[in-house]
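Structure data follow from target.cif (mmCIF, C-alpha atoms):
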data_input
loop_
_atom_site.label_atom_id
_atom_site.label_comp_id
_atom_site.auth_asym_id
_atom_site.auth_seq_id
_atom_site.Cartn_x
_atom_site.Cartn_y
_atom_site.Cartn_z
CA MET K 453 113.96 45.61 56.72
CA CYS K 454 114.68 48.71 54.63
CA SER K 455 111.03 49.08 53.78
CA LEU K 456 110.13 48.74 57.47
CA MET K 457 112.62 51.46 58.36
CA LYS K 458 111.16 53.65 55.67
CA LEU K 459 107.73 53.21 57.19
CA ARG K 460 108.89 53.83 60.76
CA LYS K 461 110.81 57.01 60.04
CA PRO K 462 107.94 59.12 58.70
CA PHE K 463 105.64 57.81 61.46
CA PHE K 464 108.16 58.84 64.16
CA PHE K 465 108.55 62.33 62.77
CA CYS K 466 104.80 62.66 62.41
CA CYS K 467 104.28 61.79 66.10
CA SER K 468 107.15 64.03 67.15
CA ASN K 469 105.74 66.96 65.23
CA SER K 470 102.25 66.45 66.65
CA LEU K 471 103.57 66.27 70.22
CA THR K 472 105.64 69.38 69.65
CA SER K 473 102.68 71.30 68.29
CA LEU K 474 100.52 70.12 71.24
CA SER K 475 103.18 71.25 73.72
CA LEU K 476 103.44 74.60 71.98
CA ARG K 477 99.68 75.06 72.09
CA ARG K 478 99.64 74.30 75.84
CA LEU K 479 102.56 76.65 76.42
CA SER K 480 100.95 79.42 74.41
CA SER K 481 97.64 79.01 76.26
CA THR K 482 99.47 79.18 79.60
CA LEU K 483 101.42 82.21 78.53
CA SER K 484 98.28 83.93 77.34
CA ALA K 485 96.93 83.69 80.89
CA GLN K 486 100.11 85.30 82.26
CA PRO K 487 101.16 88.96 81.93
CA SER K 488 103.12 89.67 78.74
CA SER K 489 106.79 90.35 79.37
CA SER K 490 107.07 92.47 76.20
CA SER K 491 104.63 95.11 77.40
CA SER K 492 105.76 98.29 79.09
CA SER K 493 106.48 98.22 82.83
CA SER K 494 103.38 100.26 83.65
CA SER K 495 100.98 98.12 81.63
CA SER K 496 102.67 94.92 82.92
CA SER K 497 102.22 96.07 86.52
CA SER K 498 98.56 96.84 85.84
CA HIS K 499 98.08 93.43 84.20
CA GLN K 500 99.70 91.61 87.12
CA THR K 501 97.44 93.43 89.54
CA SER K 502 94.22 92.46 87.78
CA SER K 503 94.96 89.01 86.33
CA THR K 504 93.77 85.83 88.03
CA PHE K 505 94.76 82.35 86.90
CA ILE K 506 92.75 79.22 87.74
CA HIS K 507 93.94 75.95 86.23
CA PRO K 508 91.18 73.98 84.46
CA SER K 509 91.72 70.97 86.72
CA ALA K 510 91.21 72.98 89.92
CA ILE K 511 87.86 72.69 91.72
CA VAL K 512 86.79 76.17 92.80
CA HIS K 513 83.30 76.64 94.26
CA PRO K 514 81.40 79.47 92.54
CA ASN K 515 80.63 81.05 95.93
CA ALA K 516 84.31 81.35 96.89
CA LEU K 517 85.62 84.92 96.93
CA ILE K 518 88.75 85.15 94.79
CA SER K 519 90.60 88.45 94.75
CA GLN K 520 92.65 89.82 91.88
CA GLY K 521 96.06 88.40 91.12
CA VAL K 522 95.30 84.96 92.63
CA SER K 523 96.94 81.91 91.05
CA ILE K 524 95.32 78.50 91.60
CA GLY K 525 97.31 75.58 90.25
CA PRO K 526 96.31 72.11 89.04
CA PHE K 527 94.20 69.79 91.22
CA CYS K 528 93.56 72.40 93.92
CA THR K 529 90.29 72.65 95.88
CA VAL K 530 88.69 75.89 97.08
CA GLY K 531 85.53 75.55 99.16
CA SER K 532 82.36 77.61 99.07
CA SER K 533 83.13 79.79 102.10
CA ALA K 534 86.77 80.49 101.27
CA LYS K 535 88.14 83.99 100.80
CA LEU K 536 91.47 84.47 99.03
CA GLY K 537 93.26 87.80 99.28
CA HIS K 538 95.09 89.60 96.53
CA GLY K 539 98.09 87.77 95.06
CA CYS K 540 97.63 84.42 96.83
CA GLN K 541 99.26 81.39 95.22
CA LEU K 542 97.96 77.85 95.50
CA HIS K 543 100.53 75.36 94.28
CA PRO K 544 99.35 72.08 92.71
CA GLY K 545 97.35 69.82 95.00
CA SER K 546 96.75 72.33 97.80
CA HIS K 547 93.30 72.70 99.38
CA ILE K 548 91.20 75.26 101.25
CA PHE K 549 88.07 74.12 103.10
CA GLY K 550 85.43 75.62 105.37
CA ASN K 551 85.10 79.22 106.49
CA THR K 552 88.70 80.12 105.74
CA GLU K 553 90.18 83.49 104.90
CA LEU K 554 93.65 84.07 103.46
CA GLY K 555 95.17 87.54 103.53
CA GLU K 556 97.20 89.00 100.70
CA HIS K 557 100.16 87.21 99.14
CA CYS K 558 99.83 83.92 101.00
CA ILE K 559 101.41 80.84 99.44
CA LEU K 560 100.13 77.28 99.85
CA MET K 561 102.70 74.70 98.83
CA THR K 562 101.87 71.35 97.27
CA GLY K 563 99.74 69.08 99.46
CA SER K 564 98.92 71.67 102.12
CA VAL K 565 95.44 71.79 103.65
CA VAL K 566 94.02 74.94 105.25
CA GLY K 567 90.66 75.01 107.04
CA ASP K 568 88.00 72.44 107.78
CA ASP K 569 84.26 72.13 107.23
CA LEU K 570 83.47 72.93 110.85
CA PRO K 571 81.57 75.75 112.56
CA GLY K 572 83.87 78.66 113.33
CA HIS K 573 86.69 79.94 111.16
CA THR K 574 90.33 79.86 110.16
CA VAL K 575 91.83 83.28 109.48
CA VAL K 576 95.32 83.57 108.02
CA GLY K 577 96.94 87.01 107.69
CA CYS K 578 99.18 88.32 104.92
CA ASN K 579 102.46 87.02 103.50
CA ASN K 580 102.25 83.60 105.12
CA ILE K 581 103.76 80.45 103.62
CA ILE K 582 102.05 77.11 104.33
CA GLY K 583 104.58 74.38 103.57
CA HIS K 584 104.31 71.11 101.69
CA HIS K 585 101.67 68.83 103.23
CA ALA K 586 101.16 71.07 106.24
CA VAL K 587 97.69 70.91 107.85
CA VAL K 588 96.40 74.17 109.31
CA GLY K 589 93.05 74.98 110.88
CA VAL K 590 91.54 71.51 111.22
CA LYS K 591 89.63 69.91 114.08
CA CYS K 592 91.51 69.56 117.34
CA GLN K 593 92.50 66.25 118.93
CA ASP K 594 90.80 67.00 122.23
CA LEU K 595 88.09 64.55 123.26
CA LYS K 596 86.32 67.39 125.09
CA TYR K 597 85.46 68.95 121.76
CA LYS K 598 81.75 68.56 121.00
CA PRO K 599 80.73 68.17 117.36
CA GLY K 600 78.86 71.24 116.21
CA ASP K 601 80.71 73.66 118.51
CA GLU K 602 82.45 76.59 116.91
CA CYS K 603 86.25 76.47 116.91
CA PHE K 604 88.74 79.07 115.79
CA LEU K 605 92.28 79.64 114.55
CA ASP K 606 93.78 83.08 113.96
CA ILE K 607 97.21 83.44 112.34
CA GLY K 608 99.01 86.76 111.91
CA ASN K 609 101.38 87.94 109.18
CA ASN K 610 104.73 86.87 107.75
CA ASN K 611 104.81 83.36 109.21
CA ASP K 612 106.75 80.53 107.58
CA ILE K 613 105.04 77.23 108.42
CA ARG K 614 107.12 74.45 106.97
CA GLU K 615 106.40 70.98 105.64
CA HIS K 616 104.24 68.46 107.51
CA SER K 617 103.45 70.85 110.37
CA SER K 618 100.01 70.82 111.98
CA ILE K 619 98.14 73.65 113.69
CA HIS K 620 94.70 72.91 115.15
CA ARG K 621 91.67 75.02 115.91
CA SER K 622 90.42 75.66 119.43
CA SER K 623 88.59 73.01 121.43
CA LYS K 624 85.66 75.26 122.39
CA SER K 625 83.86 78.33 121.15
CA SER K 626 84.99 80.48 124.08
CA ASP K 627 88.68 80.09 123.18
CA ARG K 628 90.85 80.16 120.08
CA THR K 629 94.24 79.06 118.84
CA VAL K 630 96.37 82.11 118.04
CA ILE K 631 99.65 82.47 116.15
CA GLY K 632 101.23 85.94 115.99
CA ASP K 633 103.59 87.44 113.41
CA ASN K 634 107.01 86.60 111.98
CA ASN K 635 107.27 83.08 113.36
CA LEU K 636 109.37 80.32 111.80
CA ILE K 637 107.72 76.96 112.41
CA MET K 638 110.00 74.29 110.98
CA GLY K 639 109.12 70.88 109.60
CA SER K 640 106.84 68.46 111.46
CA CYS K 641 105.99 70.83 114.31
CA HIS K 642 102.64 70.56 116.08
CA ILE K 643 100.69 73.37 117.73
CA ALA K 644 97.64 71.96 119.47
CA HIS K 645 94.27 73.45 120.35
CA ASP K 646 93.97 76.71 122.28
CA CYS K 647 97.70 77.51 122.15
CA LYS K 648 98.80 81.14 122.12
CA VAL K 649 102.02 81.85 120.24
CA GLY K 650 103.40 85.38 120.11
CA ASN K 651 105.77 86.98 117.62
CA ASN K 652 109.24 86.27 116.24
CA ASN K 653 109.55 82.76 117.65
CA ILE K 654 111.63 79.97 116.10
CA PHE K 655 110.40 76.40 116.54
CA ALA K 656 112.91 73.86 115.26
CA ASN K 657 111.84 70.57 113.68
CA ASN K 658 109.50 68.35 115.72
CA THR K 659 108.65 70.95 118.32
CA LEU K 660 105.40 69.67 119.86
CA LEU K 661 103.13 71.96 121.87
CA ALA K 662 100.25 70.35 123.76
CA GLY K 663 96.95 72.12 124.31
CA HIS K 664 96.71 75.53 126.01
CA VAL K 665 100.46 76.19 125.86
CA MET K 666 101.45 79.86 125.79
CA VAL K 667 104.65 80.99 124.07
CA GLU K 668 105.54 84.67 124.35
CA ASP K 669 107.93 86.45 121.94
CA TYR K 670 111.42 85.65 120.62
CA ALA K 671 111.49 82.18 122.15
CA HIS K 672 113.66 79.58 120.45
CA THR K 673 113.39 75.80 120.62
CA ALA K 674 115.88 73.22 119.44
CA GLY K 675 114.67 70.05 117.73
CA ALA K 676 112.46 67.28 119.11
CA ILE K 677 111.09 69.00 122.19
CA VAL K 678 107.77 68.39 123.94
CA VAL K 679 105.86 70.97 125.97
CA HIS K 680 103.21 69.80 128.46
CA GLN K 681 99.73 71.31 128.30
CA PHE K 682 99.11 74.63 130.07
CA CYS K 683 102.83 75.46 130.28
CA HIS K 684 104.10 78.98 129.61
CA ILE K 685 107.29 79.68 127.67
CA GLY K 686 108.66 83.15 128.43
CA SER K 687 110.08 85.65 125.97
CA PHE K 688 113.73 85.33 124.89
CA SER K 689 113.98 81.83 126.35
CA PHE K 690 115.67 78.79 124.84
CA ILE K 691 114.71 75.11 125.10
CA GLY K 692 117.47 72.60 124.38
CA GLY K 693 117.03 69.71 121.97
CA GLY K 694 115.19 66.62 123.14
CA SER K 695 113.75 68.32 126.21
CA VAL K 696 110.47 67.48 127.90
CA VAL K 697 109.07 70.70 129.39
CA SER K 698 106.51 69.96 132.08
CA GLN K 699 106.62 73.30 133.92
CA ASP K 700 106.97 76.98 132.99
CA VAL K 701 110.11 78.47 131.48
CA PRO K 702 110.50 82.06 132.75
CA LYS K 703 111.70 84.90 130.56
CA TYR K 704 115.32 85.03 129.41
CA MET K 705 116.15 81.53 130.63
CA MET K 706 117.56 78.37 129.11
CA VAL K 707 116.30 74.90 129.96
CA THR K 708 117.21 71.42 128.81
CA GLY K 709 116.90 67.82 129.92
CA GLU K 710 114.62 64.80 129.78
CA ARG K 711 112.66 66.65 132.47
CA ALA K 712 113.79 70.14 131.60
CA GLU K 713 115.76 72.02 134.27
CA LEU K 714 116.97 75.60 134.35
CA ARG K 715 120.54 75.80 133.05
CA GLY K 716 121.07 79.55 133.33
CA LEU K 717 120.21 82.53 131.18
CA ASN K 718 119.87 82.41 127.42
CA LEU K 719 122.96 84.60 127.10
CA GLU K 720 123.59 84.09 123.41
CA GLY K 721 119.94 84.76 122.59
CA LEU K 722 119.98 87.95 124.65
CA ARG K 723 123.08 89.20 122.85
CA ARG K 724 121.58 88.46 119.47
CA ARG K 725 118.44 90.36 120.37
CA GLY K 726 120.33 93.48 121.29
CA PHE K 727 120.41 93.38 125.08
CA THR K 728 123.23 95.55 126.37
CA THR K 729 126.12 94.25 128.42
CA ALA K 730 124.82 96.16 131.44
CA GLU K 731 121.37 94.55 131.12
CA ILE K 732 122.84 91.07 130.75
CA ASN K 733 125.10 91.56 133.77
CA SER K 734 122.14 92.72 135.84
CA LEU K 735 120.13 89.68 134.79
CA ARG K 736 123.03 87.39 135.69
CA MET K 737 123.33 88.97 139.11
CA ALA K 738 119.60 88.59 139.72
CA TYR K 739 119.65 84.99 138.50
CA ARG K 740 122.46 84.08 140.89
CA LYS K 741 120.70 85.65 143.85
CA ILE K 742 117.46 83.80 143.09
CA PHE K 743 118.61 80.40 141.87
CA MET K 744 122.26 79.94 142.88
CA SER K 745 122.41 80.96 146.50
CA VAL K 746 125.49 79.55 148.27
CA ASP K 747 123.32 78.60 151.22
CA ALA K 748 119.89 77.70 149.88
CA ASN K 749 118.54 77.29 153.41
CA SER K 750 119.45 80.83 154.43
CA ALA K 751 116.31 82.25 152.83
CA SER K 752 113.19 80.91 151.20
CA PHE K 753 112.58 81.21 147.48
CA GLU K 754 110.05 83.97 148.09
CA GLU K 755 112.52 85.86 150.26
CA ARG K 756 115.19 85.66 147.55
CA LEU K 757 112.75 87.08 145.01
CA ALA K 758 111.89 89.90 147.40
CA GLU K 759 115.60 90.57 147.97
CA VAL K 760 116.14 91.10 144.24
CA GLU K 761 113.07 93.36 144.00
CA GLN K 762 114.42 95.50 146.86
CA ASN K 763 118.01 95.56 145.67
CA GLU K 764 118.90 99.17 144.82
CA GLU K 765 121.25 98.10 142.05
CA LEU K 766 118.69 95.83 140.34
CA ALA K 767 115.27 97.20 141.16
CA HIS K 768 115.38 99.93 138.49
CA ILE K 769 116.38 97.57 135.63
CA PRO K 770 113.24 96.82 133.54
CA ALA K 771 114.57 93.44 132.32
CA VAL K 772 115.18 92.28 135.90
CA CYS K 773 111.72 93.39 137.00
CA SER K 774 110.21 91.57 134.03
CA MET K 775 112.11 88.38 134.87
CA VAL K 776 111.02 88.45 138.51
CA GLN K 777 107.41 89.05 137.52
CA SER K 778 107.57 86.17 135.05
CA ILE K 779 108.79 83.87 137.85
CA ARG K 780 106.08 85.04 140.24
CA ASN K 781 103.34 84.52 137.65
CA SER K 782 104.32 80.86 137.33
CA PHE K 783 103.26 80.24 140.93
CA THR K 784 99.74 81.60 140.65
CA GLU K 785 96.87 79.21 141.25
CA ASP K 786 96.27 78.11 137.64
CA ARG K 787 99.94 77.68 136.68
CA ARG K 788 102.41 74.81 136.92
CA GLY K 789 105.39 76.48 138.65
CA ILE K 790 108.81 76.81 137.03
CA CYS K 791 111.17 74.11 135.81
CA LYS K 792 113.44 72.57 138.43
CA PHE K 793 116.69 74.32 139.27
CA ARG K 794 119.84 73.72 141.30
CA HIS K 795 120.35 75.79 144.43
CA TRP K 796 124.14 75.70 144.46
CA ILE K 797 126.78 77.43 142.40
#
Please express the file's structure as structure tokens.
Amino acid sequence: MCSLMKLRKPFFFCCSNSLTSLSLRRLSSTLSAQPSSSSSSSSSSSHQTSSTFIHPSAIVHPNALISQGVSIGPFCTVGSSAKLGHGCQLHPGSHIFGNTELGEHCILMTGSVVGDDLPGHTVVGCNNIIGHHAVVGVKCQDLKYKPGDECFLDIGNNNDIREHSSIHRSSKSSDRTVIGDNNLIMGSCHIAHDCKVGNNNIFANNTLLAGHVMVEDYAHTAGAIVVHQFCHIGSFSFIGGGSVVSQDVPKYMMVTGERAELRGLNLEGLRRRGFTTAEINSLRMAYRKIFMSVDANSASFEERLAEVEQNEELAHIPAVCSMVQSIRNSFTEDRRGICKFRHWI
């Protein structure tokens, strides 16, 4: 037994030393690819600007255009038509396919997929984060799409697209899916083909937008909501959790319900976005005149809209005019009308 222990002990230390030296070699090789922290600030900044790191296990097509300062981690894939802007980071197991362009300082988290080998393109602006296992810029789920047609997705800047979200390209070459700037798209959201999403919107988890939905700016959804195709969601509006939106939501309004109904103005959202007390009071007065008439039969809906437009106290308020115009637009020929509302106070 003692002799066996004597044999085991040197063997263990031999293996331990070899593993340690191997780990140190890997660490030193990784550090050699990174900017040296001991160098001066000016030389370090210059090194960070020019250095590019591609892990040996990554598959990067030689025709891909890789800018300076890009970091591509283990087991990533970069296709032949991809373009990566300065300072992009691809975390392990993320993939870029097809004619896809990333602006500067984009981050792809583990498991994310951007682009597809289809005619057309996926263009992603600067400072965007694509979350874990998110799928962005792939073929739409519209049966009207014809294989071989060009399809497009354009995404702006400073968007945070969280884990397991999906954003699809357009269904035809004459249209495109568009996402603006500064949007927070939380986990497991879906933005279908040909949608148009503006700026500074917040989509909570499991927000599902069907095809051709338009969302303006500063809209906010709670979790697990569904928006019917071709609906319009106005700026500064709020959609309550679990709602099914089958008609338009005008500007500044709040809706909720299994078949979403108007529940008043998005007062808290308006305050947070800097609307003055005078503006909010004017909007409340206009809302009551349009939607909460004591005697709903005294005037038609169109007449109540006209009354607000002609009201001397309200007609000069830009927010009121914008709200009335948003309501009117929902009743044009190609629109779905507004969500249901109650006529009484």
Region 617-621 of chain K surroundings by all atoms listed in the file, 6 Å radius, close-in-sequence under 5 positions cut, as a VMD selection string: chain K and resid 586 to 592 603 to 605 629 639 to 645
Given the file above and the PyMOL selection byres ((chain K and resi 718) around 10), which residues are selected, and can you give them as a PDB file with C-alpha atoms, keeping the file's coordinate frame?
ATOM      1  CA  ALA K 671     111.490  82.180 122.150  1.00  0.00           C
ATOM      2  CA  HIS K 672     113.660  79.580 120.450  1.00  0.00           C
ATOM      3  CA  PHE K 688     113.730  85.330 124.890  1.00  0.00           C
ATOM      4  CA  SER K 689     113.980  81.830 126.350  1.00  0.00           C
ATOM      5  CA  PHE K 690     115.670  78.790 124.840  1.00  0.00           C
ATOM      6  CA  ILE K 691     114.710  75.110 125.100  1.00  0.00           C
ATOM      7  CA  LYS K 703     111.700  84.900 130.560  1.00  0.00           C
ATOM      8  CA  TYR K 704     115.320  85.030 129.410  1.00  0.00           C
ATOM      9  CA  MET K 705     116.150  81.530 130.630  1.00  0.00           C
ATOM     10  CA  MET K 706     117.560  78.370 129.110  1.00  0.00           C
ATOM     11  CA  VAL K 707     116.300  74.900 129.960  1.00  0.00           C
ATOM     12  CA  ARG K 715     120.540  75.800 133.050  1.00  0.00           C
ATOM     13  CA  GLY K 716     121.070  79.550 133.330  1.00  0.00           C
ATOM     14  CA  LEU K 717     120.210  82.530 131.180  1.00  0.00           C
ATOM     15  CA  LEU K 719     122.960  84.600 127.100  1.00  0.00           C
ATOM     16  CA  GLU K 720     123.590  84.090 123.410  1.00  0.00           C
ATOM     17  CA  GLY K 721     119.940  84.760 122.590  1.00  0.00           C
ATOM     18  CA  LEU K 722     119.980  87.950 124.650  1.00  0.00           C
ATOM     19  CA  ARG K 723     123.080  89.200 122.850  1.00  0.00           C
ATOM     20  CA  ILE K 732     122.840  91.070 130.750  1.00  0.00           C
TER      21      ILE K 732
END
Query raised in the report: What does the PyMOL selection byres ((chain K and resi 674) around 6) select in this file, as a list in words?
Result: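 Selection result, ordered by chain and number: Ala656, Thr673, Gly675, Gly692 and Gly693 of chain K.
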- Would you kindly translate the PyMOL selection byres ((chain K and resi 765-779) around 8) into the concrete residues it picks from this file, as a list in words?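 This file, filtered by the PyMOL selection byres ((chain K and resi 765-779) around 8), leaves Gly686, Pro702, Lys703, Tyr704, Glu731, Ser734, Leu735, Ala738, Leu757, Val760, Glu761, Gln762, Asn763, Glu764, Arg780, Asn781, Ser782, Phe783 and Ile790 of chain K.
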Handout entry: Exercise: Val697 (chain K) partners within 12 Å, only C-alpha atoms, chain neighbours under 5 positions left out, as a VMD selection string
Key = chain K and resid 659 to 662 665 673 676 to 685 690 to 692 702 706 to 714 788 to 792
